[in-house]
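Read through the structure below, which is laid out as structure tokens, and then see the notes.
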Amino acid sequence: MKAKIITIGDEILIGQIVNTNAAFIGDKLFSIGITVEKTVVIGDEEKILLSEFEDSIKNYDVTIITGGLGPTHDDITKPTLVKFFRDELVTDIKVLEHVKNIFKSRNLKMPAVNEAQALVPKNSTVIWNANGTAPGIWIERDNKVFVAVPGVPFEMKAMMENEIAEKLKKNSHYRQTLY
């Protein structure tokens, strides 16, 4: 299986943050037998992300996207996935309750903008984020897998280790029997 990693964030492009996520994801994929053939870092721009998705669907079996899942205006991953796959965002009630509980446990009033954290593409599988408010997203189309995870390193690492790596490993064994 061939993989591509897309890291999203202007803060990485301008050198405010080092892209440790791509190194971690690459190592994790290699450890389960998936070859990373391309890693890119892009800014928070829909047009560029759509172009990268187009490249992914044509050339790679697995695409891991990290970053851009927050509740702010520059977090473009979910709406761009929805646009690319011609899907729609729906509220995941379990995620919404989880987000509310995080704020409640910290004795904080949840800003209305954080309700958007519970919006996920209708035709996706939620990847649970026990450490934060942004769930991961798993989409399978045309025998390709797209996985979006938060850019916060400790959240991404837990999701990769606890769920994504095993699911990809099982998925890659299934694909190998098809070829």
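Ordering of the structure tokens sets the chain letters (A, B, ...); residue numbers start at 1 within each chain; ligands are numbered from 1 in the order shown.
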
Inset, instruction - Write out as an NGL selection string the residues lying within 7 Å of region 117-119 of chain A, counting only C-alpha atoms and excluding same-chain residues fewer than 3 positions away. - result: :A and (70-71 or 89-92 or 95-96 or 114 or 133-134)

Inset, instruction - Extract, using only C-alpha atoms, all DNA, RNA and protein residues at most 10 Å from region 20-33 of chain A, discarding same-chain residues fewer than 5 positions from it, and format them as a ChimeraX atom specification. - result: /A:1-7,12,38-41,62,64-67,150-154,156-157,160-161,164-166,168-170,172-173

Legend entry - Every residue of chain A that DSSP places in strand (DSSP E), as number ranges by chain: A: 2-8, 35-42, 62-66, 89-91, 119-121, 125-127, 136-141, 144-149

What lies within 9 Å of Leu50 (chain A) using only C-alpha atoms, ignoring chain neighbours under 3 positions off, as a compact mmCIF listing (two decimals) with N, CA and C atoms, in the first residue's frame?
# COMPACT_ATOMS: atom_id res chain seq x y z
N GLU A 45 -5.64 26.63 3.03
CA GLU A 45 -6.26 27.11 1.79
C GLU A 45 -6.99 25.96 1.08
N GLU A 46 -8.29 26.13 0.92
CA GLU A 46 -9.13 25.08 0.35
C GLU A 46 -8.67 24.63 -1.04
N LYS A 47 -8.37 25.56 -1.92
CA LYS A 47 -8.01 25.22 -3.29
C LYS A 47 -6.80 24.28 -3.33
N PHE A 53 -6.04 16.45 -2.43
CA PHE A 53 -6.99 15.33 -2.36
C PHE A 53 -7.11 14.66 -3.72
N GLU A 54 -7.15 15.46 -4.78
CA GLU A 54 -7.22 14.92 -6.14
C GLU A 54 -6.00 14.05 -6.43
N ASP A 55 -4.82 14.54 -6.07
CA ASP A 55 -3.59 13.76 -6.22
C ASP A 55 -3.67 12.46 -5.42
N THR A 80 -13.60 20.88 3.53
CA THR A 80 -12.98 20.51 2.26
C THR A 80 -13.19 19.04 1.95
N LEU A 81 -13.13 18.18 2.96
CA LEU A 81 -13.47 16.76 2.76
C LEU A 81 -14.90 16.62 2.26
N LYS A 83 -16.72 18.83 0.67
CA LYS A 83 -16.80 19.32 -0.71
C LYS A 83 -16.23 18.29 -1.69
N PHE A 84 -15.05 17.75 -1.37
CA PHE A 84 -14.37 16.82 -2.26
C PHE A 84 -15.19 15.54 -2.46

Inset, instruction - Kindly indicate which residue among A:Lys58, A:Lys167, A:Lys100, A:Arg106 lies nearest to Trp138 (chain A), using only C-alpha atoms for the distances. - result: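 Of A:Lys58, A:Lys167, A:Lys100, A:Arg106, the one nearest Trp138 (chain A), counting only C-alpha atoms, is A:Lys167.
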
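With only C-alpha atoms as the atoms that count, the residue of A:Ala116, A:Gly9, A:Met159, A:Pro111 with the shortest distance to Ile48 (chain A) is A:Gly9.
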
Inset, instruction - Figure out the distance between CA of Leu49 (chain A) and CA of Asn171 (chain A), please, to one decimal in Å. - result: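 Computed distance, CA of Asn171 (chain A) to CA of Leu49 (chain A), equals 24.7 Å.
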
Legend entry - Residue neighbourhood Asp44 (chain A), 8 Å, only C-alpha atoms, exclusion window fewer than 6 positions, as a VMD selection string: chain A and resid 8 to 10 68 74 to 76

Legend entry - Between CA of His73 (chain A) and CA of Val18 (chain A), distance in Å (one decimal):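 Answer for the CA of His73 (chain A) to CA of Val18 (chain A) separation: 22.3 Å.
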
Legend entry - Interatomic distance, CA of Ser124 (chain A) to CA of Ala112 (chain A) (Å, one decimal): 23.7 Å

Inset, instruction - Assign secondary structure with DSSP using the backbone only, and return the residues of chain A in helix (DSSP H, G or I) as a PyMOL selection string. - result: chain A and resi 10-13+20-31+46-59+77-84+93-105+112-118+153-178

Could those selected residues go to a file with C-alpha atoms, as a JSON list (two decimals), in the first residue's frame?
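Generated output (out_4.json):
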[["chain", "number", "residue", "atom", "x", "y", "z"],
["A", 10, "ASP", "CA", 0.21, 28.21, 8.07],
["A", 11, "GLU", "CA", 2.07, 28.04, 11.40],
["A", 12, "ILE", "CA", 4.17, 25.15, 10.07],
["A", 13, "LEU", "CA", 4.92, 26.87, 6.76],
["A", 20, "THR", "CA", 6.75, 16.40, 14.11],
["A", 21, "ASN", "CA", 3.35, 14.93, 13.18],
["A", 22, "ALA", "CA", 4.49, 13.82, 9.72],
["A", 23, "ALA", "CA", 7.55, 12.09, 11.19],
["A", 24, "PHE", "CA", 5.43, 10.25, 13.76],
["A", 25, "ILE", "CA", 2.77, 9.24, 11.23],
["A", 26, "GLY", "CA", 5.40, 8.11, 8.72],
["A", 27, "ASP", "CA", 7.10, 5.95, 11.33],
["A", 28, "LYS", "CA", 3.77, 4.46, 12.47],
["A", 29, "LEU", "CA", 2.71, 3.64, 8.91],
["A", 30, "PHE", "CA", 6.10, 2.09, 8.14],
["A", 31, "SER", "CA", 5.80, -0.09, 11.26],
["A", 46, "GLU", "CA", -9.13, 25.08, 0.35],
["A", 47, "LYS", "CA", -8.01, 25.22, -3.29],
["A", 48, "ILE", "CA", -4.60, 23.72, -2.48],
["A", 49, "LEU", "CA", -6.13, 21.06, -0.22],
["A", 50, "LEU", "CA", -8.60, 20.05, -2.93],
["A", 51, "SER", "CA", -5.69, 19.68, -5.34],
["A", 52, "GLU", "CA", -3.86, 17.46, -2.85],
["A", 53, "PHE", "CA", -6.99, 15.33, -2.36],
["A", 54, "GLU", "CA", -7.22, 14.92, -6.14],
["A", 55, "ASP", "CA", -3.59, 13.76, -6.22],
["A", 56, "SER", "CA", -4.30, 11.37, -3.34],
["A", 57, "ILE", "CA", -7.34, 9.73, -4.90],
["A", 58, "LYS", "CA", -5.38, 9.14, -8.12],
["A", 59, "ASN", "CA", -2.06, 7.96, -6.69],
["A", 77, "THR", "CA", -10.20, 20.06, 6.67],
["A", 78, "LYS", "CA", -13.81, 18.99, 7.37],
["A", 79, "PRO", "CA", -15.52, 21.36, 4.95],
["A", 80, "THR", "CA", -12.98, 20.51, 2.26],
["A", 81, "LEU", "CA", -13.47, 16.76, 2.76],
["A", 82, "VAL", "CA", -17.22, 17.33, 2.49],
["A", 83, "LYS", "CA", -16.80, 19.32, -0.71],
["A", 84, "PHE", "CA", -14.37, 16.82, -2.26],
["A", 93, "ILE", "CA", -24.38, 13.31, 19.34],
["A", 94, "LYS", "CA", -21.69, 11.29, 21.17],
["A", 95, "VAL", "CA", -19.00, 13.74, 20.09],
["A", 96, "LEU", "CA", -21.17, 16.71, 21.10],
["A", 97, "GLU", "CA", -21.69, 15.23, 24.57],
["A", 98, "HIS", "CA", -17.95, 14.56, 24.85],
["A", 99, "VAL", "CA", -17.11, 18.17, 23.95],
["A", 100, "LYS", "CA", -19.67, 19.50, 26.44],
["A", 101, "ASN", "CA", -18.26, 17.22, 29.15],
["A", 102, "ILE", "CA", -14.71, 18.46, 28.54],
["A", 103, "PHE", "CA", -15.79, 22.04, 29.14],
["A", 104, "LYS", "CA", -17.98, 21.05, 32.12],
["A", 105, "SER", "CA", -15.14, 19.11, 33.77],
["A", 112, "ALA", "CA", -21.07, 28.12, 20.75],
["A", 113, "VAL", "CA", -18.32, 27.75, 18.14],
["A", 114, "ASN", "CA", -17.23, 24.50, 19.81],
["A", 115, "GLU", "CA", -20.50, 22.81, 18.89],
["A", 116, "ALA", "CA", -19.01, 22.63, 15.38],
["A", 117, "GLN", "CA", -16.52, 20.08, 16.74],
["A", 118, "ALA", "CA", -19.36, 17.54, 16.66],
["A", 153, "PRO", "CA", 0.49, 16.06, 18.57],
["A", 154, "PHE", "CA", -0.60, 14.21, 21.73],
["A", 155, "GLU", "CA", -4.15, 13.89, 20.39],
["A", 156, "MET", "CA", -2.98, 12.67, 16.97],
["A", 157, "LYS", "CA", -0.50, 10.18, 18.50],
["A", 158, "ALA", "CA", -3.11, 8.60, 20.76],
["A", 159, "MET", "CA", -5.53, 8.23, 17.87],
["A", 160, "MET", "CA", -2.87, 6.73, 15.58],
["A", 161, "GLU", "CA", -1.74, 4.28, 18.26],
["A", 162, "ASN", "CA", -5.12, 3.35, 19.74],
["A", 163, "GLU", "CA", -7.28, 3.02, 16.66],
["A", 164, "ILE", "CA", -5.99, 4.11, 13.26],
["A", 165, "ALA", "CA", -2.87, 1.94, 12.94],
["A", 166, "GLU", "CA", -4.77, -1.24, 13.76],
["A", 167, "LYS", "CA", -7.63, -0.36, 11.43],
["A", 168, "LEU", "CA", -5.19, 0.41, 8.60],
["A", 169, "LYS", "CA", -3.29, -2.79, 9.27],
["A", 170, "LYS", "CA", -6.49, -4.85, 8.98],
["A", 171, "ASN", "CA", -7.55, -2.85, 5.94],
["A", 172, "SER", "CA", -4.18, -3.38, 4.21],
["A", 173, "HIS", "CA", -4.36, -7.15, 4.74],
["A", 174, "TYR", "CA", -7.81, -7.13, 3.19],
["A", 175, "ARG", "CA", -6.57, -5.12, 0.20],
["A", 176, "GLN", "CA", -3.59, -7.41, -0.34],
["A", 177, "THR", "CA", -5.92, -10.36, -0.80],
["A", 178, "LEU", "CA", -7.79, -8.43, -3.51]]
